[in-house]
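J.: I am attaching a structure below and will ask some questions about it afterwards.
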Amino acid sequence: MRRSPLGRLVGSVLSWLLFSFCLTLLFQSALVVMGLGGFCASGGPYEIRTECPATVAWATPVSILGGCLAVGIALLLAGGFGLPLVDWAWPALFCGLAVAFGIAGAAGSIAFVAIAVVFAIMGLVPAVIGLRAAWQRTVLGTANLAGARLAEHPEARASLTSRAAVNPDGSVTARPIDWAAGLIPAAVAIAAGIWLGALVFAAG
């Protein structure tokens with residue numbers, strides 16, 4: 001698929017905005033559910049012991065579907081440009097949930113603490129593997145805004161999420177403008193997504 005510089009930028013920003021928004025909804029929902037003892041339900045033919053708050057009932061499925069959509073947008077539009085959501089979606093999801101379980105476990109629940117540790121490991125291990133294999137690719141992506149392939153360290157290897165060859169013919173060295181264009185818009189999108197997610201969840 002041929003992508004324009006604007007398309008790559010929009011893809012990166014939109015995917016991170018949507019993903020961080022959805023992850024914030026899921027994080028807030030998890031905190032509420034754990035505050036209710038770790039389980040709630042809504043609807044269905046059976047008697048419900050603990051009813052899920054209305055916000056949790058819609059925010060949880062929306063956050064899951066929206067997060068998947070965000071990854072799809074990154075794959076289709078970003079084209080390897082910018083902070084790669086494909087590399088960070090899994091670590092962000094499980095590390096975020098680990099924080100939520102850790103907060104709940106601080107009240108004295110050993111079970112929540114144990115789950116937090118497991119989730120943290122599930123999130124950190126692939127992140128570390130990716131950074132060790134090809135740290136620049138994991139942080140900056142594989143292409144600049146114009147679509148040119150970015151040269152990497154000669155010892156970089158194919159990562160879990162990107163099997164492309166390292167330094168093919170025509171690769172260019174990443175310049176400061178490439179780092180700024182790849183990371184600053186993503187950082188702004190992440191901050192905006194978190195803010196919007198918290199705002200929407202609070203509004204119910």
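Labels for the structure tokens follow display order: chains A, B, ..., residues from 1 in each chain, ligands from 1.
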Could you find all residues in chain A that DSSP calls strand (DSSP E or B) from the backbone, and write them as a list in words?
T.: Ala41, Glu51, Phe81, Gly141, Ala143, Arg149, Leu150 and Val172 of chain A
J.: Write a file of the just-selected residues containing N, CA and C atoms, as a tab-separated table (two decimals), in the first residue's frame.
T.:
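Result file is selection-v4.tsv:
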```tsv
chain	number	residue	atom	x	y	z
A	41	ALA	N	-21.15	-8.49	37.12
A	41	ALA	CA	-21.81	-8.94	35.89
A	41	ALA	C	-22.96	-8.00	35.58
A	51	GLU	N	-23.78	-6.23	40.58
A	51	GLU	CA	-24.05	-5.60	39.30
A	51	GLU	C	-22.89	-4.69	38.89
A	81	PHE	N	6.17	4.00	10.47
A	81	PHE	CA	6.64	5.32	10.89
A	81	PHE	C	6.30	5.57	12.36
A	141	GLY	N	10.54	3.03	15.03
A	141	GLY	CA	9.94	2.41	13.86
A	141	GLY	C	10.97	2.10	12.81
A	143	ALA	N	10.68	3.34	9.43
A	143	ALA	CA	10.71	4.29	8.31
A	143	ALA	C	10.54	5.72	8.81
A	149	ARG	N	13.47	3.76	4.46
A	149	ARG	CA	13.85	2.82	5.50
A	149	ARG	C	15.00	3.40	6.33
A	150	LEU	N	14.88	3.32	7.65
A	150	LEU	CA	15.90	3.86	8.55
A	150	LEU	C	16.99	2.84	8.81
A	172	VAL	N	18.51	4.98	5.20
A	172	VAL	CA	19.07	6.29	5.54
A	172	VAL	C	19.21	6.41	7.05
```
J.: DSSP on the backbone: what in segment 4-188 of chain A comes out helix (DSSP H, G or I), as a ChimeraX atom specification?
T.: /A:5-35,54-78,85-105,110-140,176-188
J.: Could you list, as JSON, numbers by chain, every residue within 12 Å of segment 32-39 of chain A, counting only C-alpha atoms and ignoring same-chain residues fewer than 6 positions away?
T.: {"A": [25, 26, 48, 49, 50, 51, 52, 53, 54, 55, 56, 57, 59, 60, 97, 100, 101, 102, 103, 104, 105, 106, 107, 108, 109, 111, 112, 113, 115, 201, 202]}
J.: Suppose you want the space between atom CA of Ser171 of chain A and atom CA of Gly130 of chain A; what is it in Å?
T.: 20.3 Å
J.: With only C-alpha atoms as the basis for distance, which of A:Trp179, A:Trp90, A:Phe19, A:Phe119 is at the shortest distance from Thr142 of chain A?
T.: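 Among A:Trp179, A:Trp90, A:Phe19, A:Phe119, it is A:Trp179 that comes nearest to Thr142 of chain A.
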J.: Excluding Ile194 of chain A and any residue of its chain fewer than 4 positions from it, enumerate the residues within 7 Å of it, using only C-alpha atoms, and give them as a ChimeraX atom specification.
T.: /A:20-21,24,190,198
J.: For segment 132-137 of chain A, list every protein, DNA or RNA residue within 9 Å, evaluated using only C-alpha atoms, and leave out those in the same chain fewer than 5 positions away; present the list as a list in words.
T.: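 Returned residues: Gly80, Leu83, Pro84, Ala127, Thr142, Ala143, Leu150, Glu152, His153, Glu155, Ala156, Arg157, Ala158, Ser159, Leu160 and Ser162 of chain A.
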J.: Selection from above, C-alpha atoms, as a CSV table (one decimal), in the first residue's frame, can you write it?
T.:
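Output saved as out_35.csv:
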```
chain,number,residue,atom,x,y,z
A,80,GLY,CA,6.4,1.6,10.2
A,83,LEU,CA,6.8,5.0,17.8
A,84,PRO,CA,5.5,1.5,16.8
A,127,ALA,CA,9.5,-5.2,25.6
A,142,THR,CA,11.4,1.3,10.6
A,143,ALA,CA,10.7,4.3,8.3
A,150,LEU,CA,15.9,3.9,8.5
A,152,GLU,CA,20.0,0.5,12.2
A,153,HIS,CA,22.9,-0.6,14.2
A,155,GLU,CA,24.2,-5.8,15.1
A,156,ALA,CA,20.4,-5.2,15.2
A,157,ARG,CA,18.3,-8.3,14.6
A,158,ALA,CA,14.8,-9.0,13.4
A,159,SER,CA,12.4,-8.4,16.3
A,160,LEU,CA,9.3,-10.3,17.5
A,162,SER,CA,9.1,-7.0,12.6
```
J.: So the first atom is atom CA of Leu145 of chain A and the second is atom CA of Ser63 of chain A; what is the distance between them in Å, to one decimal place?
T.: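 Between these atoms lies a distance of 28.7 Å.
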J.: Of the candidates A:Leu76, A:Val99, A:Val117, A:Val86, which shows the shortest atom-to-atom distance to Leu31 of chain A, using only C-alpha atoms?
T.: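 Comparing A:Leu76, A:Val99, A:Val117, A:Val86 against Leu31 of chain A, the winner is A:Val99.
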